[in-house]
$ cat structure-v2.cif   # mmCIF, C-alpha atoms and all ligand atoms
data_coords
#
loop_
_atom_site.label_atom_id
_atom_site.label_comp_id
_atom_site.auth_asym_id
_atom_site.auth_seq_id
_atom_site.Cartn_x
_atom_site.Cartn_y
_atom_site.Cartn_z
CA MET A 1 113.96 85.81 94.40
CA ARG A 2 110.20 85.21 94.30
CA ARG A 3 108.81 82.36 96.37
CA LEU A 4 108.34 79.12 94.45
CA SER A 5 104.79 77.89 94.01
CA VAL A 6 103.17 74.49 94.22
CA PRO A 7 102.38 74.45 90.45
CA LYS A 8 106.02 75.37 89.69
CA ILE A 9 107.21 72.37 91.69
CA GLN A 10 104.57 70.14 90.13
CA SER A 11 105.71 71.16 86.66
CA ARG A 12 109.19 69.77 87.29
CA LYS A 13 107.85 66.30 86.40
CA VAL A 14 107.15 66.09 82.68
CA ASP A 15 105.98 62.81 81.13
CA GLY A 16 107.17 60.96 84.21
CA VAL A 17 110.66 62.49 84.14
CA THR A 18 111.98 64.99 86.69
CA ALA A 19 115.10 66.57 85.24
CA GLU A 20 115.86 68.59 88.38
CA PRO A 21 115.14 66.69 91.61
CA VAL A 22 113.13 68.48 94.30
CA VAL A 23 115.23 69.42 97.34
CA MET A 24 113.39 69.33 100.66
CA LEU A 25 114.60 69.66 104.26
CA THR A 26 112.78 70.09 107.53
CA ALA A 27 112.79 73.39 109.43
CA TYR A 28 111.06 74.29 112.68
CA THR A 29 112.56 77.68 113.45
CA ALA A 30 112.97 81.00 111.66
CA ARG A 31 116.77 81.05 111.76
CA THR A 32 117.16 77.51 110.43
CA ALA A 33 114.67 78.36 107.69
CA GLN A 34 116.77 81.42 106.76
CA LEU A 35 119.89 79.30 106.41
CA LEU A 36 118.27 76.53 104.35
CA ASP A 37 115.82 78.54 102.27
CA ALA A 38 117.93 79.52 99.25
CA HIS A 39 119.19 75.95 98.84
CA CYS A 40 115.85 74.15 98.99
CA ASP A 41 112.64 73.95 96.97
CA ILE A 42 110.45 72.89 99.91
CA LEU A 43 110.85 73.50 103.63
CA LEU A 44 108.86 70.97 105.63
CA VAL A 45 107.67 71.89 109.09
CA GLY A 46 107.60 68.23 110.09
CA ASP A 47 105.84 66.79 113.10
CA SER A 48 109.26 65.23 113.71
CA LEU A 49 109.67 68.36 115.83
CA ALA A 50 108.20 66.05 118.48
CA GLN A 51 111.50 64.25 118.85
CA VAL A 52 113.88 66.90 117.52
CA ILE A 53 112.65 69.90 119.55
CA TYR A 54 110.36 68.65 122.28
CA GLY A 55 112.08 65.43 123.40
CA LEU A 56 108.93 63.39 122.86
CA ASP A 57 109.37 59.78 121.82
CA SER A 58 106.76 59.74 119.06
CA THR A 59 104.82 62.25 116.93
CA ILE A 60 101.48 61.28 118.50
CA PRO A 61 101.34 64.12 121.11
CA VAL A 62 101.97 66.93 118.59
CA THR A 63 99.19 69.56 118.50
CA LEU A 64 97.84 71.89 115.83
CA GLU A 65 98.99 74.80 117.96
CA MET A 66 102.59 73.55 117.91
CA MET A 67 102.48 73.11 114.13
CA CYS A 68 100.97 76.58 113.66
CA ASN A 69 103.58 78.27 115.86
CA HIS A 70 106.55 76.60 114.17
CA GLY A 71 104.97 76.91 110.73
CA ALA A 72 104.59 80.67 111.16
CA ALA A 73 108.23 80.96 112.28
CA VAL A 74 109.45 79.07 109.19
CA VAL A 75 107.35 81.20 106.84
CA ARG A 76 108.76 84.35 108.49
CA GLY A 77 112.29 83.00 108.02
CA SER A 78 111.95 82.13 104.32
CA TYR A 79 111.15 83.86 101.08
CA HIS A 80 112.04 81.31 98.41
CA SER A 81 110.95 77.77 99.33
CA VAL A 82 107.42 76.42 99.37
CA VAL A 83 106.59 75.85 103.04
CA VAL A 84 104.66 72.64 103.80
CA VAL A 85 103.33 72.01 107.31
CA ASP A 86 102.62 68.53 108.68
CA MET A 87 99.09 67.90 109.94
CA PRO A 88 99.44 66.41 113.43
CA PHE A 89 97.92 63.09 114.53
CA GLY A 90 94.24 63.49 115.40
CA SER A 91 93.70 66.68 113.38
CA TYR A 92 92.55 65.16 110.08
CA GLU A 93 91.76 61.44 110.15
CA ALA A 94 88.13 61.56 111.32
CA SER A 95 86.59 63.16 108.22
CA PRO A 96 87.28 65.33 105.16
CA GLN A 97 85.60 68.19 107.02
CA GLN A 98 87.86 67.83 110.05
CA ALA A 99 90.90 67.73 107.78
CA TYR A 100 89.76 70.78 105.83
CA GLU A 101 89.17 72.80 108.99
CA SER A 102 92.53 71.88 110.49
CA ALA A 103 94.39 72.55 107.24
CA ALA A 104 92.60 75.89 106.75
CA ARG A 105 93.69 76.92 110.25
CA ILE A 106 97.28 75.96 109.46
CA LEU A 107 97.33 77.94 106.20
CA LYS A 108 95.61 80.97 107.77
CA GLU A 109 97.82 81.09 110.88
CA THR A 110 101.15 80.33 109.20
CA GLY A 111 101.06 81.60 105.62
CA ALA A 112 102.32 78.19 104.45
CA ALA A 113 101.25 77.04 100.98
CA ALA A 114 100.43 73.39 101.64
CA VAL A 115 99.95 70.69 104.25
CA LYS A 116 101.16 67.10 104.51
CA LEU A 117 99.25 64.18 105.97
CA GLU A 118 99.98 60.49 106.45
CA GLY A 119 98.08 57.58 104.93
CA GLY A 120 97.28 56.34 101.43
CA GLU A 121 94.04 54.98 100.07
CA VAL A 122 92.09 55.64 103.29
CA MET A 123 92.94 59.34 103.01
CA ALA A 124 92.23 59.65 99.28
CA GLU A 125 88.67 60.98 99.71
CA THR A 126 89.94 63.53 102.24
CA VAL A 127 92.80 64.64 99.99
CA ALA A 128 90.39 65.15 97.06
CA PHE A 129 88.03 67.14 99.32
CA MET A 130 90.86 69.45 100.38
CA VAL A 131 92.48 69.90 96.97
CA GLN A 132 89.13 70.69 95.32
CA ARG A 133 88.67 73.42 97.92
CA GLY A 134 92.02 75.09 97.43
CA ILE A 135 94.41 73.35 99.78
CA PRO A 136 97.48 71.74 98.17
CA VAL A 137 98.27 68.44 99.85
CA VAL A 138 101.41 66.32 100.16
CA GLY A 139 100.81 62.64 100.95
CA HIS A 140 103.07 60.35 102.98
CA VAL A 141 103.12 56.56 102.63
CA GLY A 142 105.26 53.57 103.56
CA LEU A 143 106.72 54.09 107.02
CA THR A 144 104.22 56.52 108.54
CA PRO A 145 105.40 57.46 112.05
CA GLN A 146 101.94 58.55 113.27
CA ALA A 147 100.89 54.88 112.86
CA ILE A 148 103.58 53.74 115.33
CA ASN A 149 100.99 52.17 117.62
CA VAL A 150 99.70 49.88 114.86
CA LEU A 151 103.02 49.35 113.06
CA GLY A 152 104.86 48.56 116.29
CA GLY A 153 108.20 49.98 115.12
CA TYR A 154 110.09 52.07 112.59
CA ALA A 155 111.38 49.21 110.38
CA ALA A 156 111.32 49.52 106.57
CA ARG A 157 108.01 48.69 104.92
CA GLY A 158 107.09 46.53 101.94
CA ARG A 159 108.99 43.30 102.62
CA SER A 160 105.97 41.14 101.73
CA ASP A 161 104.42 41.20 98.26
CA ALA A 162 101.07 42.23 99.72
CA GLU A 163 102.58 45.14 101.61
CA ALA A 164 104.62 46.23 98.58
CA LYS A 165 101.48 46.23 96.42
CA LYS A 166 99.58 48.15 99.09
CA ILE A 167 102.22 50.90 99.23
CA VAL A 168 102.21 51.40 95.44
CA GLY A 169 98.39 51.36 95.52
CA ASP A 170 98.41 53.97 98.29
CA ALA A 171 100.64 56.26 96.21
CA VAL A 172 98.41 55.83 93.15
CA ALA A 173 95.27 56.59 95.21
CA LEU A 174 96.80 59.82 96.56
CA ASP A 175 97.92 60.79 93.07
CA ARG A 176 94.40 60.31 91.69
CA ALA A 177 93.01 62.30 94.60
CA GLY A 178 95.20 65.24 93.57
CA ALA A 179 98.15 65.22 95.98
CA PHE A 180 100.90 67.26 94.29
CA ALA A 181 103.69 65.36 96.02
CA ILE A 182 104.01 62.11 97.95
CA VAL A 183 106.66 61.32 100.55
CA LEU A 184 107.81 57.70 100.31
CA GLU A 185 109.45 56.85 103.63
CA GLY A 186 111.35 53.71 104.59
CA VAL A 187 110.34 51.44 101.73
CA LEU A 188 112.30 48.86 99.74
CA GLU A 189 113.88 50.58 96.76
CA PRO A 190 111.96 48.71 94.01
CA ILE A 191 108.69 49.93 95.57
CA ALA A 192 109.88 53.53 95.44
CA ILE A 193 110.91 53.16 91.80
CA GLU A 194 107.60 51.55 90.86
CA ALA A 195 105.55 54.17 92.72
CA THR A 196 107.56 57.00 91.14
CA LYS A 197 106.78 55.64 87.68
CA ALA A 198 103.12 55.04 88.53
CA VAL A 199 102.22 58.58 89.62
CA ASP A 200 102.18 62.09 88.14
CA ALA A 201 102.79 63.53 91.62
CA ILE A 202 106.35 64.35 92.67
CA THR A 203 107.64 61.50 94.83
CA ILE A 204 109.95 62.58 97.63
CA GLY A 205 112.11 59.83 99.04
CA ILE A 206 113.45 59.34 102.54
CA GLY A 207 114.94 55.87 102.80
CA ALA A 208 113.40 55.13 99.39
CA SER A 209 115.43 55.63 96.17
CA ALA A 210 117.64 58.17 94.39
CA GLN A 211 115.21 57.66 91.50
CA CYS A 212 112.44 59.45 93.40
CA ASP A 213 111.57 62.89 92.03
CA GLY A 214 113.03 64.52 95.12
CA GLN A 215 114.56 63.80 98.54
CA VAL A 216 113.95 64.91 102.10
CA LEU A 217 115.85 64.50 105.37
CA VAL A 218 115.30 65.81 108.87
CA THR A 219 117.78 68.70 109.01
CA GLU A 220 119.06 67.90 112.51
CA ASP A 221 119.68 64.28 111.42
CA MET A 222 121.59 65.48 108.36
CA LEU A 223 123.61 67.87 110.55
CA GLY A 224 124.64 65.12 112.96
CA MET A 225 122.70 66.43 115.95
CA PHE A 226 121.88 62.90 117.16
CA GLU A 227 124.02 59.89 117.96
CA ARG A 228 121.51 57.33 116.73
CA THR A 229 119.61 57.72 113.47
CA ALA A 230 117.90 55.55 110.89
CA ARG A 231 119.97 53.83 108.19
CA PHE A 232 118.59 56.25 105.59
CA VAL A 233 120.19 59.29 107.22
CA LYS A 234 123.39 60.58 105.67
CA ARG A 235 125.34 62.84 108.01
CA TYR A 236 126.78 65.90 106.34
CA HIS A 237 128.17 67.40 109.52
CA ASN A 238 128.73 66.70 113.21
CA ILE A 239 126.97 69.63 114.79
CA ALA A 240 126.57 67.84 118.15
CA GLU A 241 130.36 67.82 118.53
CA ASN A 242 130.50 71.54 117.67
CA ILE A 243 127.83 72.48 120.20
CA GLU A 244 129.38 70.42 122.97
CA GLY A 245 132.84 71.74 122.13
CA ALA A 246 131.62 75.33 122.41
CA ALA A 247 129.88 74.61 125.72
CA ILE A 248 133.06 73.02 127.12
CA LYS A 249 135.15 76.07 126.16
CA TYR A 250 132.57 78.53 127.51
CA ALA A 251 132.32 76.68 130.82
CA GLU A 252 136.10 76.67 131.13
CA ASP A 253 136.30 80.41 130.38
CA VAL A 254 133.63 81.24 132.96
CA ARG A 255 135.27 79.07 135.61
CA ASN A 256 138.71 80.58 135.09
CA ARG A 257 137.30 84.12 134.70
CA SER A 258 138.69 84.61 131.18
CA PHE A 259 135.16 85.33 129.92
CA PRO A 260 134.03 88.07 129.60
CA GLY A 261 137.25 89.63 128.24
CA PRO A 262 137.99 93.26 127.29
CA ASP A 263 136.14 92.94 123.92
CA GLN A 264 132.90 92.01 125.59
CA LEU A 265 132.87 94.72 128.26
CA TYR A 266 131.70 98.33 128.57
CA GLN A 267 133.99 100.79 130.35
CA PRO A 268 133.33 104.36 131.39
CA LYS A 269 134.57 106.98 128.87
CA LYS A 270 137.87 108.56 129.93
O1 LIG B 301 108.04 64.95 110.14
C1 LIG B 301 108.92 64.85 109.27
O2 LIG B 301 110.06 65.34 109.41
C2 LIG B 301 108.57 64.13 108.05
C3 LIG B 301 109.66 63.87 107.05
C4 LIG B 301 110.67 62.94 107.59
C5 LIG B 301 109.13 63.43 105.74
O3 LIG B 301 107.44 63.76 107.87
NA NA B 302 106.07 63.97 109.65
#
$ encode --input "structure-v2.cif" --output "structure tokens" --more "lines below"
Ligand code: KIV
Ligand code: NA
Amino acid sequence: MRRLSVPKIQSRKVDGVTAEPVVMLTAYTARTAQLLDAHCDILLVGDSLAQVIYGLDSTIPVTLEMMCNHGAAVVRGSYHSVVVVDMPFGSYEASPQQAYESAARILKETGAAAVKLEGGEVMAETVAFMVQRGIPVVGHVGLTPQAINVLGGYAARGRSDAEAKKIVGDAVALDRAGAFAIVLEGVLEPIAIEATKAVDAITIGIGASAQCDGQVLVTEDMLGMFERTARFVKRYHNIAENIEGAAIKYAEDVRNRSFPGPDQLYQPKK
């Protein structure tokens, strides 16, 4: 199986219709990437690794170095999906030049095909600058977690008419700037439907609409790793229970000396 390309994914949307929705999940490690790869179109090395891997309570502290290390691991663990790496807070907002330099470092150090950044109209000039110079970009509008300090929380966006209009306008601005895909996160469903119709880019919903051109979830959320998640998470498994269950059994076996057993031990040859 040859690795998918950005143009291949882009070409899924023809005259505003995406016959086969784009499947995207997050991955931060090589082994997880290996397990998800054949079933996805895009693997996103999300800055959500802040919470999922590092126990941070927002994505603000994430560094370029963290994204490069995890991005490289995911590229090594995959051969089919397009790998997209999130640009961390503070690595792209100041200028198109800053964004280009950070994104170039990510692509050079990881082998990923594209980067994702948050923000709509204000980032349009930057997105155009990057795309014109050979860096495919995914946009991200609506609930943008890197803006936590100005948004004040992770509630759904677009409840006022002005905000709804702004979100659609943000998606259109990114589309015109050349973003090949746009994540729509935590927005009222009619906004997601309107934005999907308004842009040529592939819209990827998370808490948005089944009518988006694709969907994404944080893999560990989808696997049931956490007790509390956003409304938009559907749990397909309860991996937390499995991990705890295994730890309980292992601890018991160690304490009653039934592990290691004969199968796990080396004996001298007779
Ligand atoms: O960081 C992340 O995982 C994301 C997705 C939720 C879109 O940005
Ligand atoms: Na992110």
$ residues_near_ligand --input "structure-v2.cif" --ligand "ligand LIG 301 (chain B)" --cutoff "6 Å" --atoms "all atoms listed in the file" --output "tab-separated table (two decimals) with C-alpha atoms, in the frame of the given file"
chain	number	residue	atom	x	y	z
A	26	THR	CA	112.78	70.09	107.53
A	46	GLY	CA	107.60	68.23	110.09
A	47	ASP	CA	105.84	66.79	113.10
A	48	SER	CA	109.26	65.23	113.71
A	217	LEU	CA	115.85	64.50	105.37
A	218	VAL	CA	115.30	65.81	108.87
$ atom_distance --input "structure-v2.cif" --atom1 "CA of Arg176 in chain A" --atom2 "CA of Phe129 in chain A"
12.1 Å
$ residues_near_ligand --input "structure-v2.cif" --ligand "ligand NA 302 (chain B)" --cutoff "10 Å" --atoms "all atoms listed in the file" --output "VMD selection string"
chain A and resid 26 44 to 50 59 85 to 89 116 to 118 140 144 to 146 183 185 218
$ closest_residue --input "structure-v2.cif" --among "A:Arg133, A:Arg2, A:Arg76, A:Arg228" --to "Ala112 in chain A" --atoms "all atoms listed in the file"
A:Arg76
$ atom_distance --input "structure-v2.cif" --atom1 "CA of Cys68 in chain A" --atom2 "CA of Glu125 in chain A"
24.3 Å
$ residues_around --input "structure-v2.cif" --residues "Pro7 in chain A" --least-positions-apart "5" --cutoff "12 Å" --atoms "all atoms listed in the file" --output "list in words"
Arg12, Lys13, Val82, Ala113, Ala114, Pro136, Val137, Ala179, Phe180, Ala181, Ala201 and Ile202 of chain A
$ residues_around --input "structure-v2.cif" --residues "range 186-197 of chain A" --least-positions-apart "2" --cutoff "7 Å" --atoms "all atoms listed in the file" --output "ChimeraX atom specification"
/A:16,142-143,156-158,164,168,171,184,199,203,206-209,211-212
$ atom_distance --input "structure-v2.cif" --atom1 "CA of Ile243 in chain A" --atom2 "CA of Ala230 in chain A"
21.7 Å
$ closest_residue --input "structure-v2.cif" --among "A:Cys40, A:Ala72, A:Ala124, A:Ile239" --to "Gly178 in chain A" --atoms "all atoms listed in the file"
A:Ala124
$ closest_residue --input "structure-v2.cif" --among "A:Gly153, A:Pro21, A:Gly205, A:Gly77" --to "Leu35 in chain A" --atoms "only C-alpha atoms"
A:Gly77
$ residues_around --input "structure-v2.cif" --residues "Gly169 in chain A" --least-positions-apart "4" --cutoff "8 Å" --atoms "all atoms listed in the file" --output "list in words"
Gly120, Glu121, Lys165 and Ala173 of chain A
$ write_last_selection --input "structure-v2.cif" --atoms "C-alpha atoms" --output "compact mmCIF listing (two decimals), keeping the file's coordinate frame"
# COMPACT_ATOMS: atom_id res chain seq x y z
CA GLY A 120 97.28 56.34 101.43
CA GLU A 121 94.04 54.98 100.07
CA LYS A 165 101.48 46.23 96.42
CA ALA A 173 95.27 56.59 95.21
$ closest_residue --input "structure-v2.cif" --among "A:Gly152, A:Gly71, A:Gly224, A:Gly134" --to "Ala240 in chain A" --atoms "all atoms listed in the file"
A:Gly224
$ closest_residue --input "structure-v2.cif" --among "A:Asp41, A:Thr110, A:Phe226, A:Pro96" --to "Gln10 in chain A" --atoms "only C-alpha atoms"
A:Asp41
